[in-house]
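The structure appears right after this line, and notes come after that.
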Amino acid sequence: MSAKDCGNHGHKRRKIFRRIFAGILIFLFLVLVTILIIWAILRPSKPKFVLQDVTVYAFNASIPNYLTSNFQVTFSSRNPNDKIGIYYDKLDVYANYRNQQITLRSSIPPTYQGHKEINVWSPNIYGTAIPVAPYNALALNQDESTGAVLLMIKMNGRVRFKVGTFISGKYHLYVRCPAYIQFGSKTAGIIVGENSVKYSLLVSCSVSL
């Protein structure tokens, strides 16, 4: 075989490799475009959260500028999508009072939520002798004297959406649920134990991604 024949053979081989590589790129591009079109058509909706009730086991500031609290919060999450599932990779729940966190975070186990499915969780959130800002301690004393306190139950986490076999990247999930607790009147709730009262709320929560 002459040097010219070897050169032609090598050139043909490189040409075949280039065509194979170009074909693979085109295929991957078409798959990506198809996924993006499906994603755009389906347009996944955010999950819907409802704060159903709050059971208060402890809530007192007997030590100045320190707050001890213990709640069990029950909330539901509904997937409004017909053809899209939701992976909850992480979801932390805690309580705020006037933009200050007053409990430790409680984590919800990772879970998958199917189409139109509803999940209900009832985590306990608590904080023992949590320091509060002096102006918040003053506001809390005023709220307790009127018999009602507005808390904000917050949830922060990470979710992914599943369309067929495609799973999206992670989205940061923010949930805010106002909880108006009427401590001054036990008739506003149900006594479930010694010094423990369950308050039914059924409040829609704000959700952002």
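In the structure tokens, chains take the letters A, B, ... in the order shown, each chain's residues start at 1, and ligands count up from 1 in the order shown.
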
Problem - Backbone DSSP call of alpha helix (DSSP H) for segment 42-196 of chain A, listed as a VMD selection string - result: chain A and resid 42 134 to 146

Would you output that residue set with all heavy atoms, as a compact mmCIF listing (two decimals), in the first residue's frame?
# COMPACT_ATOMS: atom_id res chain seq x y z
N LEU A 42 -46.00 21.74 30.10
CA LEU A 42 -46.60 21.29 31.36
C LEU A 42 -46.58 22.38 32.44
O LEU A 42 -47.47 22.46 33.26
CB LEU A 42 -45.87 20.04 31.87
CG LEU A 42 -46.04 18.79 31.00
CD1 LEU A 42 -45.19 17.65 31.55
CD2 LEU A 42 -47.50 18.36 30.93
N PRO A 134 -34.86 42.67 73.16
CA PRO A 134 -35.65 43.39 74.19
C PRO A 134 -36.95 43.97 73.64
O PRO A 134 -37.99 43.91 74.31
CB PRO A 134 -34.69 44.49 74.65
CG PRO A 134 -33.32 43.93 74.41
CD PRO A 134 -33.45 43.11 73.16
N TYR A 135 -36.91 44.54 72.42
CA TYR A 135 -38.15 45.12 71.87
C TYR A 135 -39.17 44.03 71.55
O TYR A 135 -40.38 44.25 71.64
CB TYR A 135 -37.83 45.96 70.64
CG TYR A 135 -37.06 45.25 69.56
CD1 TYR A 135 -37.70 44.48 68.58
CD2 TYR A 135 -35.67 45.37 69.50
CE1 TYR A 135 -36.98 43.83 67.59
CE2 TYR A 135 -34.95 44.73 68.51
CZ TYR A 135 -35.60 43.97 67.55
OH TYR A 135 -34.89 43.32 66.57
N ASN A 136 -38.70 42.81 71.19
CA ASN A 136 -39.63 41.70 70.96
C ASN A 136 -40.19 41.17 72.27
O ASN A 136 -41.35 40.75 72.34
CB ASN A 136 -38.93 40.58 70.20
CG ASN A 136 -38.89 40.82 68.70
OD1 ASN A 136 -39.63 41.67 68.19
ND2 ASN A 136 -38.05 40.10 67.98
N ALA A 137 -39.37 41.17 73.32
CA ALA A 137 -39.85 40.74 74.63
C ALA A 137 -40.95 41.69 75.12
O ALA A 137 -41.96 41.25 75.69
CB ALA A 137 -38.70 40.69 75.62
N LEU A 138 -40.76 42.98 74.87
CA LEU A 138 -41.78 43.95 75.25
C LEU A 138 -43.06 43.74 74.45
O LEU A 138 -44.17 43.77 75.01
CB LEU A 138 -41.24 45.37 75.04
CG LEU A 138 -42.20 46.52 75.36
CD1 LEU A 138 -42.59 46.49 76.84
CD2 LEU A 138 -41.56 47.87 75.00
N ALA A 139 -42.91 43.53 73.14
CA ALA A 139 -44.09 43.29 72.29
C ALA A 139 -44.80 42.01 72.70
O ALA A 139 -46.04 41.94 72.67
CB ALA A 139 -43.65 43.22 70.82
N LEU A 140 -44.03 40.99 73.09
CA LEU A 140 -44.64 39.72 73.50
C LEU A 140 -45.46 39.91 74.78
O LEU A 140 -46.57 39.37 74.90
CB LEU A 140 -43.55 38.67 73.72
CG LEU A 140 -44.03 37.28 74.16
CD1 LEU A 140 -44.97 36.68 73.13
CD2 LEU A 140 -42.83 36.36 74.39
N ASN A 141 -44.94 40.69 75.72
CA ASN A 141 -45.70 40.97 76.95
C ASN A 141 -47.01 41.69 76.63
O ASN A 141 -48.05 41.39 77.22
CB ASN A 141 -44.85 41.81 77.91
CG ASN A 141 -43.71 41.02 78.53
OD1 ASN A 141 -43.81 39.80 78.67
ND2 ASN A 141 -42.64 41.71 78.90
N GLN A 142 -46.95 42.58 75.68
CA GLN A 142 -48.16 43.31 75.28
C GLN A 142 -49.16 42.37 74.60
O GLN A 142 -50.37 42.44 74.87
CB GLN A 142 -47.79 44.47 74.34
CG GLN A 142 -46.98 45.57 75.02
CD GLN A 142 -46.48 46.61 74.04
OE1 GLN A 142 -46.53 46.42 72.82
NE2 GLN A 142 -46.00 47.75 74.58
N ASP A 143 -48.64 41.48 73.73
CA ASP A 143 -49.52 40.52 73.06
C ASP A 143 -50.17 39.57 74.06
O ASP A 143 -51.36 39.25 73.95
CB ASP A 143 -48.73 39.72 72.01
CG ASP A 143 -48.36 40.55 70.80
OD1 ASP A 143 -48.96 41.64 70.62
OD2 ASP A 143 -47.48 40.13 70.03
N GLU A 144 -49.38 39.09 75.01
CA GLU A 144 -49.91 38.16 76.01
C GLU A 144 -50.97 38.84 76.89
O GLU A 144 -51.94 38.20 77.31
CB GLU A 144 -48.78 37.59 76.86
CG GLU A 144 -47.90 36.59 76.11
CD GLU A 144 -46.84 35.98 77.01
OE1 GLU A 144 -46.32 36.70 77.88
OE2 GLU A 144 -46.54 34.79 76.83
N SER A 145 -50.79 40.12 77.13
CA SER A 145 -51.77 40.84 77.94
C SER A 145 -53.10 40.99 77.20
O SER A 145 -54.17 41.02 77.82
CB SER A 145 -51.24 42.23 78.33
OG SER A 145 -51.08 43.04 77.17
N THR A 146 -53.03 41.06 75.86
CA THR A 146 -54.27 41.12 75.06
C THR A 146 -54.82 39.73 74.78
O THR A 146 -55.97 39.61 74.32
CB THR A 146 -54.01 41.85 73.73
OG1 THR A 146 -53.02 41.14 72.98
CG2 THR A 146 -53.54 43.27 73.97

Handout entry: Who sits within 12 Å of Ile153 of chain A, only C-alpha atoms, same chain under 2 positions skipped, as a PyMOL selection string
Key = chain A and resi 49-54+71-75+92-106+123-126+150-151+155-156+174-181+203-206

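The coordinates place atom CA of Gly85 of chain A at 6.8 Å from atom CA of Val163 of chain A.
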
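Nearest to Asn81 of chain A of all the residues A:Lys48, A:Arg14, A:His115, A:Lys170 is A:His115, based on only C-alpha atoms.
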
Exercise for the section: Would you please work out which residue, of A:Val120, A:Ile86, A:Val197, A:Met152, is nearest to Leu173 of chain A when using only C-alpha atoms? Expected result: A:Ile86

Closest contacts (segment 115-161 of chain A/segment 58-67 of chain A, max 8 Å, only C-alpha atoms) as a tab-separated table:
residue	atom	partner	partner_atom	distance
A:Gly127	CA	A:Leu67	CA	7.6
A:Thr128	CA	A:Leu67	CA	6.9
A:Ala129	CA	A:Leu67	CA	5.0
A:Ile130	CA	A:Leu67	CA	5.1
A:Pro131	CA	A:Tyr66	CA	4.5
A:Val132	CA	A:Asn65	CA	5.3
A:Ala133	CA	A:Asn65	CA	6.6
A:Pro134	CA	A:Asn65	CA	6.0
A:Ala137	CA	A:Asn65	CA	5.5

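Proximity ranking of A:Ile84, A:Thr55, A:Val33, A:Asp89 relative to Ala188 of chain A places A:Thr55 first, based on only C-alpha atoms.
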
Practice task
Rank nothing, just name the residue among A:Phe27, A:Ser200, A:Gly147, A:Phe17 nearest to Gln182 of chain A, using only C-alpha atoms.
Solution key: A:Gly147

Practice task
Can you check which residues of segment 58-95 of chain A DSSP gives as strand (DSSP E or B) on the backbone and send them as a count of residues only?
Solution key: 27
